[in-house]
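Undergrad: Okay, so here is query_23.txt, and as you'll see once you scroll down, it has compact mmCIF, C-alpha atoms.
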```txt
# COMPACT_ATOMS: atom_id res chain seq x y z
CA MET Q 716 -155.71 27.16 -0.17
CA ASN Q 717 -155.22 29.77 2.56
CA ALA Q 718 -154.74 28.58 6.13
CA ILE Q 719 -158.04 30.17 7.11
CA ALA Q 720 -159.94 27.64 5.01
CA ALA Q 721 -160.85 24.55 7.04
CA THR Q 722 -163.46 21.83 7.01
CA SER Q 723 -165.00 22.30 10.42
CA ALA Q 724 -168.11 24.31 11.28
CA VAL Q 725 -168.15 26.62 14.27
CA ASP Q 726 -171.29 27.59 16.18
CA ILE Q 727 -171.84 31.31 16.64
CA VAL Q 728 -172.83 31.94 20.25
CA ARG Q 729 -174.81 35.15 20.23
CA THR Q 730 -174.80 35.65 23.98
CA GLN Q 731 -171.03 36.02 24.05
CA SER Q 732 -168.54 38.19 22.24
CA ALA Q 733 -166.57 36.16 19.74
CA VAL Q 734 -163.42 37.02 17.89
CA LEU Q 735 -162.00 34.99 15.05
CA SER Q 736 -158.39 34.42 16.01
CA LYS Q 737 -155.70 32.89 13.87
CA SER Q 738 -152.71 30.88 15.10
CA PRO Q 739 -150.03 29.11 13.08
CA SER Q 740 -151.76 25.78 13.62
CA ARG Q 741 -155.49 26.47 13.65
CA THR Q 742 -158.30 28.99 13.31
CA SER Q 743 -160.94 29.18 16.02
CA PHE Q 744 -163.49 31.37 17.75
CA THR Q 745 -162.45 32.56 21.20
CA SER Q 746 -164.67 34.35 23.71
CA THR Q 747 -163.76 37.84 24.83
CA SER Q 748 -165.36 40.54 26.94
CA SER Q 749 -167.91 42.78 25.24
CA SER Q 750 -167.38 45.66 27.65
CA ASP Q 751 -164.52 47.34 25.80
CA LYS Q 752 -165.00 51.11 25.74
CA ASP Q 753 -164.71 53.19 22.61
CA ALA Q 754 -161.65 55.38 22.74
CA SER Q 755 -163.66 58.34 21.49
CA THR Q 756 -165.91 58.42 24.58
CA SER Q 757 -163.49 57.29 27.26
CA PRO Q 758 -162.88 60.24 29.62
CA THR Q 759 -159.12 59.81 29.78
CA LEU Q 760 -156.54 58.46 27.37
CA PHE Q 761 -154.59 56.57 29.99
CA GLU Q 762 -155.34 53.91 32.57
CA GLN Q 763 -156.49 55.36 35.86
CA THR Q 764 -154.30 53.73 38.45
CA GLY Q 765 -153.10 55.01 41.79
CA VAL Q 766 -154.45 55.95 45.16
CA ASP Q 767 -157.88 57.34 45.95
CA THR Q 768 -157.45 60.98 46.89
CA GLY Q 769 -161.12 61.58 47.64
CA ASP Q 770 -160.94 60.08 51.13
CA ALA Q 771 -158.53 60.38 53.98
CA LYS Q 772 -156.62 57.37 52.71
CA ALA Q 773 -152.87 57.56 53.25
CA ILE Q 774 -150.68 58.19 50.23
CA ASN Q 775 -149.14 55.01 48.90
CA THR Q 776 -145.43 55.60 49.39
CA HIS Q 777 -144.67 53.06 46.65
CA SER Q 778 -146.87 54.75 44.03
CA ARG Q 779 -145.14 56.48 41.15
CA GLU Q 780 -148.16 58.63 40.38
CA ILE Q 781 -149.33 62.02 41.61
CA ALA Q 782 -153.11 61.75 41.39
CA MET Q 783 -155.62 64.46 42.25
CA VAL Q 784 -159.16 63.61 41.21
CA ASP Q 785 -162.51 65.23 42.07
CA LEU Q 786 -160.94 67.93 44.23
CA SER Q 787 -161.73 71.61 44.37
CA PRO Q 788 -159.13 73.97 42.86
CA GLU Q 789 -158.24 75.16 46.36
CA GLU Q 790 -157.31 71.63 47.41
CA LEU Q 791 -154.78 71.09 44.63
CA ASP Q 792 -151.33 70.91 46.21
CA ILE Q 793 -148.38 69.24 44.49
CA ALA Q 794 -146.24 69.08 47.64
CA GLN Q 795 -149.02 67.44 49.65
CA ALA Q 796 -149.81 64.96 46.85
CA LEU Q 797 -146.13 64.07 46.58
CA GLY Q 798 -145.81 63.44 50.32
CA ASP Q 799 -142.60 61.73 51.42
CA ARG Q 800 -141.85 60.32 47.99
CA THR Q 801 -138.94 61.54 45.90
CA SER Q 802 -139.85 63.46 42.77
CA GLU Q 803 -137.29 61.44 40.79
CA SER Q 804 -139.55 58.37 41.09
CA ILE Q 805 -142.73 60.04 39.73
CA GLU Q 806 -143.83 58.72 36.32
CA CYS Q 807 -147.39 60.09 36.04
CA VAL Q 808 -149.23 63.26 37.03
CA ARG Q 809 -153.01 63.01 36.81
CA ILE Q 810 -155.41 65.86 37.65
CA ASN Q 811 -158.99 65.10 36.57
CA ARG Q 812 -162.38 66.68 37.26
CA CYS Q 813 -161.00 69.40 39.54
CA ARG Q 814 -162.55 72.46 37.79
CA MET Q 815 -159.00 73.67 37.23
CA ASN Q 816 -158.68 76.83 35.10
CA CYS Q 817 -155.60 78.21 33.39
CA GLU Q 818 -154.47 80.26 36.40
CA THR Q 819 -154.59 77.25 38.69
CA PHE Q 820 -152.83 75.16 36.06
CA GLN Q 821 -150.05 77.74 35.82
CA LEU Q 822 -149.52 77.60 39.57
CA LEU Q 823 -149.36 73.80 39.52
CA VAL Q 824 -146.85 73.82 36.67
CA ASP Q 825 -144.70 76.32 38.58
CA ALA Q 826 -144.84 73.99 41.59
CA LEU Q 827 -143.96 70.93 39.47
CA CYS Q 828 -141.00 72.70 37.89
CA LYS Q 829 -139.42 73.10 41.33
CA TYR Q 830 -138.81 69.34 41.37
CA GLU Q 831 -136.59 67.12 39.28
CA LEU Q 832 -138.81 64.84 37.18
CA PRO Q 833 -136.47 62.62 35.14
CA CYS Q 834 -138.94 59.70 34.91
CA LEU Q 835 -142.16 61.62 34.20
CA HIS Q 836 -143.77 60.17 31.06
CA THR Q 837 -147.52 60.85 31.49
CA VAL Q 838 -149.46 64.05 32.17
CA ASP Q 839 -153.26 63.79 32.23
CA ILE Q 840 -155.25 66.97 32.96
CA SER Q 841 -158.44 65.94 31.15
CA GLN Q 842 -161.90 67.05 32.28
CA ASN Q 843 -161.01 70.46 33.62
CA ARG Q 844 -161.41 74.07 32.43
CA VAL Q 845 -157.93 74.70 31.15
CA GLY Q 846 -157.67 77.03 28.16
CA GLY Q 847 -156.17 80.24 26.84
CA ALA Q 848 -152.72 81.39 25.82
CA GLN Q 849 -151.53 81.19 29.44
CA ALA Q 850 -152.31 77.47 29.47
CA GLY Q 851 -150.24 76.97 26.32
CA ALA Q 852 -147.32 78.84 27.87
CA ALA Q 853 -147.59 76.67 31.01
CA LEU Q 854 -147.59 73.50 28.89
CA ALA Q 855 -144.50 74.71 27.03
CA LYS Q 856 -142.75 75.34 30.35
CA LEU Q 857 -143.65 71.88 31.66
CA LEU Q 858 -142.56 70.09 28.48
CA THR Q 859 -139.27 71.99 28.50
CA HIS Q 860 -138.66 71.11 32.15
CA ALA Q 861 -139.65 67.46 31.68
CA PRO Q 862 -138.75 66.50 28.09
CA THR Q 863 -139.37 62.82 28.92
CA ILE Q 864 -143.18 63.31 28.76
CA ARG Q 865 -144.58 60.94 26.11
CA PHE Q 866 -148.31 60.87 26.88
CA LEU Q 867 -150.20 64.15 27.10
CA SER Q 868 -153.95 64.03 27.74
CA LEU Q 869 -155.72 67.39 27.39
CA GLY Q 870 -159.23 66.17 26.57
CA TRP Q 871 -162.44 67.82 27.75
CA ASN Q 872 -160.92 71.23 28.44
CA GLN Q 873 -161.23 74.66 26.78
CA LEU Q 874 -158.12 74.60 24.63
CA SER Q 875 -157.82 75.84 21.06
CA LEU Q 876 -155.02 75.16 18.61
CA VAL Q 877 -153.93 78.80 18.95
CA ASP Q 878 -153.47 78.23 22.69
CA LEU Q 879 -150.82 75.61 21.86
CA LYS Q 880 -148.90 78.05 19.67
CA ALA Q 881 -146.38 78.57 22.48
CA LEU Q 882 -145.22 74.96 22.08
CA ALA Q 883 -143.84 75.79 18.65
CA ALA Q 884 -141.34 78.16 20.28
CA THR Q 885 -139.68 75.29 22.17
CA GLY Q 886 -137.87 74.29 18.98
CA SER Q 887 -138.13 71.50 16.42
CA GLY Q 888 -137.95 68.05 17.97
CA ALA Q 889 -137.94 69.45 21.51
CA CYS Q 890 -140.73 67.18 22.78
CA SER Q 891 -140.90 63.42 23.18
CA ILE Q 892 -144.71 63.31 22.98
CA GLN Q 893 -146.05 60.15 21.36
CA CYS Q 894 -149.76 60.31 22.28
CA LEU Q 895 -151.69 63.58 22.20
CA ASP Q 896 -155.30 63.70 23.38
CA LEU Q 897 -157.27 66.79 22.30
CA ARG Q 898 -160.77 65.32 22.46
CA ALA Q 899 -163.81 67.52 23.12
CA ASN Q 900 -161.88 70.80 23.00
CA PRO Q 901 -162.91 73.95 21.06
CA LEU Q 902 -159.85 73.60 18.85
CA GLY Q 903 -160.72 76.25 16.29
CA THR Q 904 -163.43 78.39 14.74
CA SER Q 905 -163.63 79.76 11.22
CA HIS Q 906 -162.11 83.16 10.40
CA LYS Q 907 -164.81 85.76 9.78
CA LEU Q 908 -163.03 87.86 7.16
CA SER Q 909 -164.66 89.97 4.50
CA SER Q 910 -162.26 89.34 1.63
CA LYS Q 911 -160.88 86.13 0.19
CA LYS Q 912 -157.42 87.68 0.07
CA ALA Q 913 -157.41 88.37 3.82
CA LYS Q 914 -158.70 84.90 4.55
CA LYS Q 915 -156.01 83.34 2.37
CA HIS Q 916 -153.34 85.38 4.17
CA VAL Q 917 -154.58 84.22 7.59
CA GLU Q 918 -154.69 80.59 6.44
CA SER Q 919 -151.14 80.91 5.12
CA GLU Q 920 -149.94 82.19 8.49
CA ASP Q 921 -151.80 79.35 10.23
CA ASN Q 922 -150.04 76.82 8.01
CA ILE Q 923 -146.67 78.18 9.11
CA TRP Q 924 -147.19 78.01 12.87
CA VAL Q 925 -149.19 74.75 12.77
CA SER Q 926 -146.33 73.16 10.83
CA ALA Q 927 -143.92 74.50 13.45
CA LEU Q 928 -146.13 73.09 16.21
CA VAL Q 929 -146.16 69.64 14.61
CA ALA Q 930 -142.40 69.78 14.04
CA VAL Q 931 -141.91 70.04 17.81
CA MET Q 932 -143.39 66.53 18.15
CA PRO Q 933 -141.59 64.31 15.59
CA ASN Q 934 -142.24 61.14 17.63
CA LEU Q 935 -146.03 61.56 17.63
CA THR Q 936 -147.84 58.26 16.95
CA HIS Q 937 -151.43 58.80 18.22
CA VAL Q 938 -153.65 61.89 17.94
CA GLN Q 939 -157.16 61.92 19.42
CA MET Q 940 -159.56 64.64 18.27
CA ALA Q 941 -162.97 63.01 18.72
CA GLN Q 942 -165.86 65.32 19.65
CA ALA Q 943 -163.69 68.40 19.19
CA THR Q 944 -165.10 71.62 17.74
CA ILE Q 945 -162.87 72.66 14.86
CA ASP Q 946 -163.39 74.55 11.63
CA ASP Q 947 -162.61 73.04 8.25
CA SER Q 948 -159.52 75.13 7.56
CA SER Q 949 -157.87 74.37 10.92
CA LEU Q 950 -158.67 70.66 10.67
CA VAL Q 951 -157.24 70.28 7.18
CA CYS Q 952 -154.20 72.40 8.06
CA LEU Q 953 -153.41 70.28 11.12
CA LEU Q 954 -153.96 66.92 9.42
CA HIS Q 955 -151.86 67.83 6.38
CA ALA Q 956 -149.05 68.95 8.69
CA LEU Q 957 -149.29 65.68 10.64
CA THR Q 958 -149.29 63.41 7.59
CA ALA Q 959 -146.51 65.38 5.88
CA LYS Q 960 -144.10 65.87 8.79
CA VAL Q 961 -144.66 62.95 11.18
CA SER Q 962 -143.48 59.74 9.55
CA CYS Q 963 -144.23 57.53 12.57
CA LEU Q 964 -147.89 58.57 12.91
CA GLU Q 965 -150.06 55.47 13.51
CA TYR Q 966 -153.52 56.69 14.57
CA ILE Q 967 -155.75 59.71 13.94
CA GLY Q 968 -159.11 59.74 15.75
CA LEU Q 969 -161.73 61.99 14.11
CA GLU Q 970 -164.94 60.51 15.53
CA TRP Q 971 -168.07 62.61 16.10
CA LEU Q 972 -166.92 65.67 14.11
CA GLY Q 973 -170.01 65.91 11.90
CA LEU Q 974 -168.00 65.42 8.71
CA GLY Q 975 -171.06 64.15 6.88
CA SER Q 976 -172.11 67.79 6.36
CA ARG Q 977 -168.54 68.81 5.47
CA LEU Q 978 -167.72 66.49 2.58
CA ALA Q 979 -165.34 68.99 0.97
CA THR Q 980 -163.26 68.71 4.15
CA VAL Q 981 -163.30 64.90 3.88
CA ARG Q 982 -161.97 65.24 0.33
CA SER Q 983 -159.15 67.51 1.56
CA ILE Q 984 -158.31 65.13 4.41
CA MET Q 985 -158.06 62.14 2.09
CA SER Q 986 -155.94 64.10 -0.41
CA GLY Q 987 -153.24 64.27 2.24
CA LEU Q 988 -153.07 60.46 2.25
CA VAL Q 989 -152.48 60.07 -1.48
CA PRO Q 990 -148.92 58.80 -2.11
CA ALA Q 991 -146.60 60.94 -4.20
CA ASP Q 992 -145.99 58.04 -6.57
CA LEU Q 993 -146.76 54.34 -6.88
CA ALA Q 994 -143.34 53.43 -5.50
CA THR Q 995 -144.15 55.09 -2.17
CA PRO Q 996 -144.87 52.41 0.46
CA VAL Q 997 -148.27 52.39 2.17
CA ARG Q 998 -148.01 54.22 5.48
CA SER Q 999 -149.02 52.30 8.58
CA LEU Q 1000 -151.88 54.58 9.62
CA HIS Q 1001 -155.28 53.95 11.21
CA LEU Q 1002 -157.83 56.64 10.35
CA ASN Q 1003 -160.94 56.58 12.54
CA LEU Q 1004 -163.94 58.32 10.96
CA ALA Q 1005 -166.64 56.62 13.04
CA ALA Q 1006 -169.96 58.33 13.80
CA ASN Q 1007 -169.62 61.14 11.26
CA ASN Q 1008 -172.82 60.49 9.25
CA LEU Q 1009 -170.75 60.20 6.09
CA GLY Q 1010 -173.29 58.14 4.19
CA ASP Q 1011 -172.60 56.80 0.71
CA GLY Q 1012 -171.56 60.28 -0.44
CA GLY Q 1013 -168.67 60.33 2.01
CA VAL Q 1014 -167.69 56.78 1.09
CA LYS Q 1015 -167.61 57.77 -2.59
CA ILE Q 1016 -165.14 60.57 -1.81
CA ILE Q 1017 -162.93 58.18 0.16
CA ALA Q 1018 -163.04 55.47 -2.50
CA GLU Q 1019 -162.23 57.88 -5.34
CA SER Q 1020 -159.50 59.76 -3.46
CA GLY Q 1021 -156.64 57.42 -4.30
CA ALA Q 1022 -155.60 57.47 -0.64
CA MET Q 1023 -153.55 54.61 0.76
CA LEU Q 1024 -153.48 53.57 4.43
CA THR Q 1025 -153.50 50.34 6.41
CA SER Q 1026 -156.59 50.68 8.63
CA LEU Q 1027 -159.91 52.53 8.32
CA THR Q 1028 -162.88 52.74 10.67
CA LEU Q 1029 -166.21 53.73 9.12
CA ALA Q 1030 -168.52 52.43 11.87
CA CYS Q 1031 -171.88 54.12 12.42
CA ASN Q 1032 -171.94 56.17 9.21
CA PHE Q 1033 -175.26 55.21 7.55
CA ILE Q 1034 -173.52 53.29 4.76
CA THR Q 1035 -175.77 51.26 2.46
CA GLU Q 1036 -175.07 48.50 -0.06
CA ARG Q 1037 -174.16 51.22 -2.57
CA GLY Q 1038 -171.36 52.37 -0.28
CA THR Q 1039 -170.01 48.86 0.29
CA GLY Q 1040 -169.91 48.39 -3.50
CA MET Q 1041 -167.70 51.50 -3.79
CA LEU Q 1042 -165.43 50.17 -1.05
CA ALA Q 1043 -165.15 46.83 -2.87
CA LYS Q 1044 -163.71 48.58 -5.92
CA TRP Q 1045 -161.29 50.65 -3.83
CA LEU Q 1046 -159.99 47.88 -1.54
CA PRO Q 1047 -157.45 46.27 -3.92
CA SER Q 1048 -155.56 49.55 -4.38
CA SER Q 1049 -156.14 51.01 -0.91
CA GLY Q 1050 -153.47 49.08 0.97
CA LEU Q 1051 -156.00 48.38 3.75
CA LEU Q 1052 -155.23 45.59 6.19
CA ALA Q 1053 -158.21 46.35 8.46
CA LEU Q 1054 -161.69 47.69 7.68
CA GLU Q 1055 -164.34 48.39 10.32
CA LEU Q 1056 -167.93 48.70 9.04
CA SER Q 1057 -169.89 47.89 12.21
CA ASP Q 1058 -173.20 49.62 12.97
CA ASN Q 1059 -174.01 50.30 9.33
CA TYR Q 1060 -177.30 48.59 8.58
CA PHE Q 1061 -176.69 47.56 4.97
CA GLY Q 1062 -177.81 43.95 5.54
CA ASP Q 1063 -177.25 41.05 3.12
CA GLN Q 1064 -177.26 43.39 0.11
CA GLY Q 1065 -174.25 45.19 1.56
CA ILE Q 1066 -172.34 41.92 1.97
CA THR Q 1067 -173.18 40.98 -1.62
CA SER Q 1068 -171.76 44.31 -2.84
CA LEU Q 1069 -168.67 44.02 -0.61
CA LEU Q 1070 -167.78 40.49 -1.60
CA VAL Q 1071 -168.35 41.18 -5.29
CA THR Q 1072 -168.80 37.48 -6.01
CA ASP Q 1073 -170.97 35.61 -8.47
CA GLY Q 1074 -171.60 32.14 -7.15
CA ARG Q 1075 -168.28 30.31 -7.08
CA ARG Q 1076 -166.59 32.67 -9.53
CA GLN Q 1077 -164.38 35.47 -8.28
CA SER Q 1078 -164.86 38.93 -9.67
CA ALA Q 1079 -162.24 41.19 -11.21
CA TYR Q 1080 -161.87 43.00 -7.88
CA SER Q 1081 -160.98 40.00 -5.73
CA PRO Q 1082 -159.18 38.40 -4.05
CA TYR Q 1083 -158.10 41.05 -1.52
CA ASN Q 1084 -154.71 39.61 -0.75
CA GLN Q 1085 -153.92 42.09 2.03
CA LEU Q 1086 -157.17 42.39 4.08
CA THR Q 1087 -156.75 40.59 7.43
CA SER Q 1088 -159.41 42.22 9.64
CA LEU Q 1089 -163.08 42.95 8.90
CA GLY Q 1090 -165.68 44.29 11.34
CA LEU Q 1091 -169.37 43.61 10.59
CA ASN Q 1092 -170.99 43.91 14.03
CA SER Q 1093 -174.62 45.13 14.06
CA CYS Q 1094 -175.06 45.27 10.30
CA CYS Q 1095 -178.48 43.51 10.11
CA LEU Q 1096 -176.94 40.39 8.60
CA THR Q 1097 -178.82 37.10 8.24
CA ASP Q 1098 -177.82 33.51 7.62
CA THR Q 1099 -177.52 34.39 3.93
CA SER Q 1100 -174.57 36.66 4.73
CA LEU Q 1101 -172.91 33.84 6.64
CA ARG Q 1102 -173.22 31.55 3.65
CA MET Q 1103 -171.75 34.19 1.35
CA LEU Q 1104 -168.87 34.86 3.76
CA THR Q 1105 -168.18 31.14 4.06
CA ASP Q 1106 -168.11 30.74 0.29
CA ALA Q 1107 -165.89 33.79 -0.21
CA LEU Q 1108 -163.39 32.70 2.44
CA THR Q 1109 -163.29 29.17 1.05
CA TYR Q 1110 -162.22 30.61 -2.29
CA ASN Q 1111 -159.60 32.89 -0.70
CA TRP Q 1112 -161.50 36.17 -0.94
CA ALA Q 1113 -159.18 37.58 1.75
CA PRO Q 1114 -156.68 36.16 4.30
CA LEU Q 1115 -158.83 37.22 7.25
CA ALA Q 1116 -157.34 36.69 10.70
CA SER Q 1117 -160.19 38.58 12.43
CA LEU Q 1118 -163.86 38.53 11.42
CA ARG Q 1119 -166.33 40.23 13.78
CA ILE Q 1120 -170.03 39.52 13.20
CA LEU Q 1121 -171.58 40.13 16.62
CA ARG Q 1122 -175.02 41.54 17.42
CA ASN Q 1123 -176.62 40.59 14.11
CA ASN Q 1124 -180.00 39.65 15.57
CA ARG Q 1125 -181.47 38.43 12.28
CA MET Q 1126 -179.22 35.39 12.33
CA SER Q 1127 -180.82 32.20 13.56
CA PRO Q 1128 -179.56 30.84 16.92
CA GLY Q 1129 -178.20 27.73 15.23
CA ALA Q 1130 -176.32 29.59 12.50
CA LYS Q 1131 -172.93 28.22 11.62
CA VAL Q 1132 -170.07 29.41 9.56
CA ALA Q 1133 -167.88 26.82 7.86
CA LEU Q 1134 -164.26 27.86 7.52
```
What do you get writing this file as structure tokens?

TA:
Amino acid sequence: MNAIAATSAVDIVRTQSAVLSKSPSRTSFTSTSSSDKDASTSPTLFEQTGVDTGDAKAINTHSREIAMVDLSPEELDIAQALGDRTSESIECVRINRCRMNCETFQLLVDALCKYELPCLHTVDISQNRVGGAQAGAALAKLLTHAPTIRFLSLGWNQLSLVDLKALAATGSGACSIQCLDLRANPLGTSHKLSSKKAKKHVESEDNIWVSALVAVMPNLTHVQMAQATIDDSSLVCLLHALTAKVSCLEYIGLEWLGLGSRLATVRSIMSGLVPADLATPVRSLHLNLAANNLGDGGVKIIAESGAMLTSLTLACNFITERGTGMLAKWLPSSGLLALELSDNYFGDQGITSLLVTDGRRQSAYSPYNQLTSLGLNSCCLTDTSLRMLTDALTYNWAPLASLRILRNNRMSPGAKVAL
């Protein structure tokens, strides 16, 4: 019997956040903070550390960050922010909420390029007004001058994919970028062309330069695109280029893109995750499709796509018990290690469909030998679901190391799960 099966019963404390953690010697519930922020709505991709530049506080001479936050564009001054520190020690440049446009950004890049920046690894210019071809040219100049930059946060600006076209000219593999944040940007709009032939020609040209753009960043591991405005063609073109050319890609964030009304696009996205043959190993990729109103129709497309990946987030997508039944059939061949279904109100019927069990007998679709993480927060579950989960885990339904069942208010206060 799997190590997760035990004889003890553990109380579920509903006033705390609980995570099922697994150690080599025991399985237990441990309390954690419930204040974790969703990456899709966090204003910046990186931790905000450094000195407060809003007051007359002296610059910390030991800080390795140039931080300018909540300033007017006229107050932005690289030399003043650097102070007496040497530029060789600077690791992070952060300019947030300064109403900076592309002209101001160009001037700041020109100022930065006057200094040697051998240790610079993070540039965060989120929450400004940067956009246009000039901004792309400035980014290309900065990345060429400081090729050590690994984290680039451009969220909440006015950038389109075409604006980043200048990066492709820097040459294949020229950048060391690992994390790229493009959230809440107007990344692309559909081409308004009269003929299908002209549209196909434009899309073909887009494929060429988007592929060149992706080739510049071969070390890319995380791409954030939540809340971005992007047309179907540009989205599919970019994602296919990423999945085809970047072997180390680990995370793609596509939250809040309204894909529920663009199911043909979902089908195209998933087609890029179908392995060439059965011998191809499952790629270690987390695809986040939360808050897209996919419904059971979107789940059907995903389940029938033949795609293989290791982690999938489908939280807040109006999935019913019909959708969980489709996922149950897909799970054995999906390669999934982690599945997040929180905030889908399918209730006990959804758990019945997901577990695909009949009393103490396992179905043809179980056990799921690879699934180690399952998220079921806020799914309108009752004590019945707990009993079904307990029974399924006892009979090795899946080797879960993490089971999240918080905020299910229909459970009784004294509910227990026996593991």

Undergrad: Write out as a list in words which residues come within 7 Å of Leu1004 in chain Q when counting all atoms listed in the file, dropping same-chain ones fewer than 4 positions away.

TA: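 Selected residues are Gly968, Leu969, Glu970, Thr1028 and Leu1029 of chain Q.
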
Undergrad: Using only C-alpha atoms, which of Q:Ile864, Q:Leu857, Q:Val931, Q:Leu1052 sits nearest Lys880 in chain Q?

TA: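 Answer, going by the shortest atom-to-atom distance: Q:Val931.
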
Undergrad: How far is it from CA of Arg998 in chain Q to CA of Trp1112 in chain Q, in Å with one decimal?

TA: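 Spanning CA of Arg998 in chain Q to CA of Trp1112 in chain Q is a straight-line distance of 23.4 Å.
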
Undergrad: Measuring between all atoms listed in the file, which one of Q:Leu1051, Q:Ile1066, Q:Met985, Q:Met1103 shows the shortest distance to Ser1020 in chain Q?

TA: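 Under the stated criterion, the closest residue is Q:Met985.
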
Undergrad: Edge lengths and centre in Å to one decimal, as lines of an AutoDock Vina configuration file, is what I'm after for the box along x, y and z that holds all listed atoms of range 784-799 of chain Q once 8 Å is added on each side.

TA:
```
center_x = -152.6
center_y = 68.4
center_z = 46.3
size_x = 35.9
size_y = 29.4
size_z = 26.2
```

Undergrad: Rank Q:Ala994, Q:Ile1017, Q:Leu1089, Q:Ile923 by their smallest atom-to-atom distance to Thr980 in chain Q, using all atoms listed in the file, and report the top residue only.

TA: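 Nearest to Thr980 in chain Q: Q:Ile1017.
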
Undergrad: Neighbours of Gln795 in chain Q within 10 Å (all atoms listed in the file; same-chain residues fewer than 4 positions away dropped), as a list in words?

TA: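 Those residues are Ile774, Ile781, Glu790, Leu791 and Asp799 of chain Q.
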
Undergrad: Pull C-alpha atoms from the residues just selected and write them as a tab-separated table (two decimals), in the frame of the given file.

TA:
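Okay, result-v6.tsv is ready:
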```tsv
chain	number	residue	atom	x	y	z
Q	774	ILE	CA	-150.68	58.19	50.23
Q	781	ILE	CA	-149.33	62.02	41.61
Q	790	GLU	CA	-157.31	71.63	47.41
Q	791	LEU	CA	-154.78	71.09	44.63
Q	799	ASP	CA	-142.60	61.73	51.42
```

Undergrad: Which residue is closest to Ser778 in chain Q? Choose from Q:Phe866, Q:Ile793, Q:Ser1026, Q:Ile805 and count all atoms listed in the file.

TA: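 Looking only at the distances to Ser778 in chain Q, the closest residue turns out to be Q:Ile805.
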
Undergrad: Just to confirm, what's the straight-line distance from CA of Ser1100 in chain Q to CA of Ser1049 in chain Q in Å (one decimal)?

TA: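 Computed distance, CA of Ser1100 in chain Q to CA of Ser1049 in chain Q, equals 24.0 Å.
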
Undergrad: Would you list the contacts of range 830-843 of chain Q as a PyMOL selection string, taking every protein, DNA or RNA residue within 8 Å and counting all atoms listed in the file, but skipping same-chain residues closer than 3 positions in sequence?

TA: chain Q and resi 758-761+802-816+826-827+861+863-872

Undergrad: Hey, which of Q:Leu1096, Q:Leu1027, Q:Val925, Q:Ile1034 ends up closest to Asn1123 in chain Q? Count all atoms listed in the file.

TA: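 So, comparing all the options, the nearest one is Q:Leu1096.
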